[in-house]
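S.K.: Take this structure, written in structure tokens, and hold onto it; I'll ask about it next.
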Amino acid sequence: MSISLSRLTKRYGPNVVVDDVNVEIPEGSLTAILGPSGSGKSTLLKLIAGLEVPDEGRVIIEGDDVTDVDPRYRDIGFCFQHYAPFRHMNVSKNIGFGLRVRKQPKDVIEVKVRELLELVKLEDKANSYPAQLSGGERQRMALARALAIEPRVLLLDEPFGALDAIVRTELRHFVKELHRQIKVTTILVTHDQDEAMEVADQLLIMHAGKIEQAGEPTELYERPATEFVHSFLGPTTLFKGVAVRPHDLELVSPSVGSIEGVVTSIMELGFEIQVTITLSDGSTPWVQMSRNEFRALGVTTGSPVSVRERVAQ
């Protein structure tokens with residue numbers, strides 16, 4: 001189901017939290033709303049869900065104006081960061097709760113829950129209780145419960161934020177594969193750039209309540225429309241007074257045609273090495289390189305080097 005947001009605005013007192021947002025979200029896409037804390041991304045998600053009422057603008061889902069429709073009747077599945085399961089119900093009953101509320105026949109509920117348990121890979125946890133599940137398993141149960149009602153749209157609000165790094169990575173892969181299978185229009189709110197770049201077909205970058213840029217992840221990374229998008233979506237460093245990607249710079253032996261300096265810091269982060277240089281003009285850019293590149297260069301703290309932009313291959 002496609003989603004169209006037209007001139008959507010939300011204020012809390014004098015503060016404009018969502019400011020005249022106009023955007024199209026394609027049917028069947030997985031769109032990530034990305035931005036810093038306070039940028040308005042969660043409020044925008046709640047406006048789509050009907051959990052907040054806009055001061056201005058319209059929310060259109062597959063041609064239907066749902067701006068004034070109660071959230072219960074929008075056919076939207078919602079999964080929050082801090083999922084609150086029914087602790088006295090096992091996994092199967094948690095997943096089937098929305099179907100029971102809708103008074104679906106018992107045999108229909110059983111079949112649907114069985115399908116969802118298989119989909120989210122929790123078949124062996126059907127009779128377990130939430131307290132017996134890991135964090136990742138609870139979030140998969142939350143996704144299954146949101147999908148049980150066969151929503152037109154699935155909204156995910158920082159669903160991995162409370163999990164550790166390894167589980168977050170596993171769930172990102174899981175959500176991407178799940179979306180490939182079910183193809184329901186999905187919107188993911190996150191402040192994690194890597195997460196958004198990895199799972200989404202489309203990014204919406206928000207800043208101060210506005211959409212700074214929308215498009216495919218590679219397009220936004222390589223052709224940012226604003227300085228904010230450039231600095232927010234991936235690392236940047238200043239070179240010759242201009243913000244550039246640190247992996248677009250390289251270190252070489254002092255030579256003509258490059259700016260000379262001295263290595264002042266070396267940070268080893270697994271495969272990646274970050275080298276900070278103090279240049280002759282006083283600036284301190286840093287360069288991102290692989291471990292093999294760094295070893296071949298043979299520099300240490302205090303080594304004289306030159307910095308230049310990489311030549312495109």
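Residue numbering restarts at 1 in every chain; chains get A, B, ... in the order shown in the structure tokens, and ligands count up from 1 in that same order.
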So which bits of region 80-293 of chain A end up strand (DSSP E or B) when you DSSP the backbone, as a CSV table (one decimal) with N, CA and C atoms, in the first residue's frame?
M.R.:
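What landed in out_29.csv:
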```csv
chain,number,residue,atom,x,y,z
A,80,PHE,N,7.0,-1.3,18.7
A,80,PHE,CA,7.7,-0.3,19.4
A,80,PHE,C,9.1,-0.8,19.8
A,153,VAL,N,0.0,-1.6,6.4
A,153,VAL,CA,1.3,-1.0,6.6
A,153,VAL,C,1.8,-1.5,7.9
A,154,LEU,N,3.2,-1.7,7.9
A,154,LEU,CA,3.9,-2.1,9.2
A,154,LEU,C,4.8,-0.9,9.6
A,155,LEU,N,4.6,-0.5,10.8
A,155,LEU,CA,5.4,0.6,11.3
A,155,LEU,C,6.3,0.1,12.4
A,156,LEU,N,7.6,0.4,12.3
A,156,LEU,CA,8.6,-0.1,13.3
A,156,LEU,C,9.3,1.1,13.9
A,157,ASP,N,9.2,1.4,15.2
A,157,ASP,CA,9.7,2.5,15.9
A,157,ASP,C,10.9,2.1,16.7
A,185,THR,N,4.2,-2.9,2.9
A,185,THR,CA,4.8,-1.6,3.0
A,185,THR,C,5.2,-1.3,4.4
A,186,THR,N,6.5,-1.1,4.6
A,186,THR,CA,7.1,-1.0,6.0
A,186,THR,C,7.9,0.3,6.1
A,187,ILE,N,7.7,0.9,7.3
A,187,ILE,CA,8.4,2.1,7.6
A,187,ILE,C,9.2,1.9,8.9
A,188,LEU,N,10.5,2.1,8.9
A,188,LEU,CA,11.3,1.9,10.1
A,188,LEU,C,11.9,3.2,10.5
A,189,VAL,N,11.7,3.5,11.8
A,189,VAL,CA,12.3,4.7,12.4
A,189,VAL,C,13.6,4.3,13.1
A,190,THR,N,14.7,5.0,12.8
A,190,THR,CA,15.9,4.7,13.5
A,190,THR,C,16.8,5.9,13.5
A,202,GLN,N,14.5,2.8,0.6
A,202,GLN,CA,14.4,4.3,0.5
A,202,GLN,C,14.7,4.9,1.9
A,203,LEU,N,15.4,6.0,1.9
A,203,LEU,CA,15.6,6.8,3.1
A,203,LEU,C,14.9,8.1,3.1
A,204,LEU,N,14.4,8.5,4.3
A,204,LEU,CA,13.9,9.8,4.5
A,204,LEU,C,14.8,10.4,5.6
A,205,ILE,N,15.6,11.4,5.3
A,205,ILE,CA,16.4,12.1,6.3
A,205,ILE,C,15.7,13.3,6.9
A,206,MET,N,15.5,13.2,8.2
A,206,MET,CA,14.8,14.3,8.9
A,206,MET,C,15.7,15.1,9.7
A,207,HIS,N,15.4,16.4,9.8
A,207,HIS,CA,16.2,17.4,10.6
A,207,HIS,C,15.3,18.5,10.9
A,210,LYS,N,11.7,18.6,9.4
A,210,LYS,CA,11.6,18.7,7.9
A,210,LYS,C,12.3,17.5,7.3
A,211,ILE,N,11.8,17.1,6.1
A,211,ILE,CA,12.5,16.1,5.3
A,211,ILE,C,13.7,16.8,4.5
A,212,GLU,N,14.9,16.5,4.9
A,212,GLU,CA,16.0,17.1,4.2
A,212,GLU,C,16.2,16.5,2.8
A,213,GLN,N,16.0,15.2,2.7
A,213,GLN,CA,16.2,14.5,1.4
A,213,GLN,C,15.6,13.2,1.5
A,214,ALA,N,15.1,12.7,0.4
A,214,ALA,CA,14.5,11.4,0.3
A,214,ALA,C,15.0,10.7,-1.0
A,215,GLY,N,15.3,9.4,-0.9
A,215,GLY,CA,15.7,8.7,-2.1
A,215,GLY,C,16.4,7.4,-1.7
A,237,THR,N,35.0,14.3,7.2
A,237,THR,CA,36.2,15.1,7.7
A,237,THR,C,36.4,16.3,6.9
A,238,LEU,N,37.0,17.3,7.4
A,238,LEU,CA,37.3,18.5,6.7
A,238,LEU,C,38.7,18.5,6.0
A,239,PHE,N,38.7,18.7,4.7
A,239,PHE,CA,40.0,18.7,3.9
A,239,PHE,C,39.9,19.9,3.0
A,242,VAL,N,36.6,21.7,3.1
A,242,VAL,CA,35.4,21.1,2.6
A,242,VAL,C,35.2,19.8,3.2
A,243,ALA,N,33.9,19.5,3.5
A,243,ALA,CA,33.6,18.2,4.1
A,243,ALA,C,33.7,17.1,3.1
A,244,VAL,N,34.5,16.1,3.4
A,244,VAL,CA,34.6,14.9,2.5
A,244,VAL,C,34.5,13.6,3.3
A,249,LEU,N,40.0,10.0,1.0
A,249,LEU,CA,41.3,10.6,1.1
A,249,LEU,C,42.3,9.5,1.2
A,250,GLU,N,43.6,9.8,0.9
A,250,GLU,CA,44.6,8.7,1.1
A,250,GLU,C,45.9,9.4,1.6
A,251,LEU,N,46.7,8.6,2.3
A,251,LEU,CA,48.0,9.0,2.8
A,251,LEU,C,49.1,8.5,1.8
A,252,VAL,N,50.0,9.4,1.6
A,252,VAL,CA,51.2,9.0,0.7
A,252,VAL,C,52.4,9.6,1.3
A,259,ILE,N,49.2,17.8,0.3
A,259,ILE,CA,49.4,18.7,1.4
A,259,ILE,C,50.2,17.9,2.5
A,260,GLU,N,51.3,18.5,2.9
A,260,GLU,CA,52.1,17.7,3.9
A,260,GLU,C,51.6,17.9,5.3
A,261,GLY,N,51.9,16.9,6.2
A,261,GLY,CA,51.6,17.0,7.6
A,261,GLY,C,52.3,15.9,8.4
A,262,VAL,N,51.8,15.7,9.6
A,262,VAL,CA,52.4,14.7,10.5
A,262,VAL,C,51.3,13.9,11.1
A,263,VAL,N,51.5,12.6,11.2
A,263,VAL,CA,50.5,11.7,11.8
A,263,VAL,C,50.5,12.0,13.3
A,264,THR,N,49.3,12.3,13.8
A,264,THR,CA,49.2,12.6,15.2
A,264,THR,C,48.3,11.6,16.0
A,265,SER,N,47.6,10.7,15.3
A,265,SER,CA,46.8,9.7,16.0
A,265,SER,C,46.5,8.5,15.1
A,266,ILE,N,46.6,7.3,15.6
A,266,ILE,CA,46.3,6.1,14.9
A,266,ILE,C,45.3,5.3,15.7
A,267,MET,N,44.1,5.0,15.2
A,267,MET,CA,43.1,4.2,15.9
A,267,MET,C,42.8,3.0,15.1
A,268,GLU,N,43.0,1.8,15.7
A,268,GLU,CA,42.8,0.6,15.0
A,268,GLU,C,41.4,0.0,15.4
A,269,LEU,N,40.5,-0.1,14.5
A,269,LEU,CA,39.1,-0.6,14.8
A,269,LEU,C,38.9,-1.9,13.9
A,272,GLU,N,39.4,-1.8,10.0
A,272,GLU,CA,39.5,-0.4,9.7
A,272,GLU,C,40.5,0.3,10.5
A,273,ILE,N,41.3,1.2,9.9
A,273,ILE,CA,42.3,2.0,10.6
A,273,ILE,C,41.9,3.5,10.3
A,274,GLN,N,41.9,4.3,11.4
A,274,GLN,CA,41.6,5.7,11.3
A,274,GLN,C,42.9,6.5,11.7
A,275,VAL,N,43.4,7.3,10.7
A,275,VAL,CA,44.6,8.0,11.0
A,275,VAL,C,44.4,9.5,10.9
A,276,THR,N,44.7,10.2,12.0
A,276,THR,CA,44.5,11.7,12.0
A,276,THR,C,45.8,12.3,11.8
A,277,ILE,N,45.8,13.4,10.9
A,277,ILE,CA,47.0,14.1,10.5
A,277,ILE,C,46.8,15.6,10.8
A,278,THR,N,47.9,16.2,11.4
A,278,THR,CA,47.9,17.6,11.5
A,278,THR,C,48.7,18.2,10.3
A,279,LEU,N,48.0,18.9,9.5
A,279,LEU,CA,48.6,19.5,8.2
A,279,LEU,C,49.3,20.8,8.5
A,286,TRP,N,41.0,13.3,9.1
A,286,TRP,CA,41.4,12.0,9.4
A,286,TRP,C,41.1,11.1,8.2
A,287,VAL,N,41.9,10.1,8.0
A,287,VAL,CA,41.8,9.2,6.8
A,287,VAL,C,41.4,7.8,7.2
A,288,GLN,N,40.5,7.2,6.5
A,288,GLN,CA,40.0,5.9,6.8
A,288,GLN,C,40.6,4.9,5.7
A,289,MET,N,41.2,3.9,6.2
A,289,MET,CA,41.9,2.9,5.3
A,289,MET,C,41.8,1.5,5.9
A,290,SER,N,42.1,0.6,5.0
A,290,SER,CA,42.1,-0.8,5.5
A,290,SER,C,43.4,-1.1,6.2
```
S.K.: Quick one: residues within 12 Å of Tyr73 (chain A), only C-alpha atoms counted, chain neighbours fewer than 4 positions away excluded, as a ChimeraX atom specification?
M.R.: /A:49-51,66-69,77,102,149,151-153
S.K.: For the residues in that selection, give me C-alpha atoms as a CSV table (one decimal), in the first residue's frame.
M.R.:
```csv
chain,number,residue,atom,x,y,z
A,49,ALA,CA,-0.5,5.4,12.6
A,50,GLY,CA,-3.1,7.8,13.9
A,51,LEU,CA,-1.6,7.9,17.4
A,66,VAL,CA,-7.2,8.2,6.8
A,67,THR,CA,-6.3,11.5,8.5
A,68,ASP,CA,-9.5,11.5,10.6
A,69,VAL,CA,-9.8,7.7,10.8
A,77,GLY,CA,0.7,-3.0,12.5
A,102,ARG,CA,-11.3,-9.2,16.1
A,149,ILE,CA,-3.9,-8.8,11.6
A,151,PRO,CA,-1.9,-4.9,8.1
A,152,ARG,CA,-1.8,-2.7,5.1
A,153,VAL,CA,1.3,-1.0,6.6
```
S.K.: Can you pull out the residues contacting Ser128 (chain A)? Cut-off 9 Å, using only C-alpha atoms, and skip same-chain residues under 5 positions away; I want them as a PyMOL selection string.
M.R.: chain A and resi 89-92+133
S.K.: Identify all residues of region 91-303 of chain A in helix (DSSP H, G or I) (DSSP on the backbone) and supply them as an MDAnalysis selection string.
M.R.: chainID A and resid 91:101 106:119 123:125 130:132 135:148 165:182 193:199 217:222 227:232 246:248 291:297
S.K.: Between CA of Glu150 (chain A) and CA of Pro105 (chain A), what is the spacing in Å?
M.R.: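 Separating CA of Pro105 (chain A) from CA of Glu150 (chain A) is a distance of 15.4 Å.
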S.K.: Tell me which protein, DNA and RNA residues are within 10 Å of region 98-101 of chain A, counting only C-alpha atoms, leaving out same-chain ones fewer than 2 positions away, and put them as a ChimeraX atom specification.
M.R.: /A:93-96,103-106,108-110,112-113,145-150
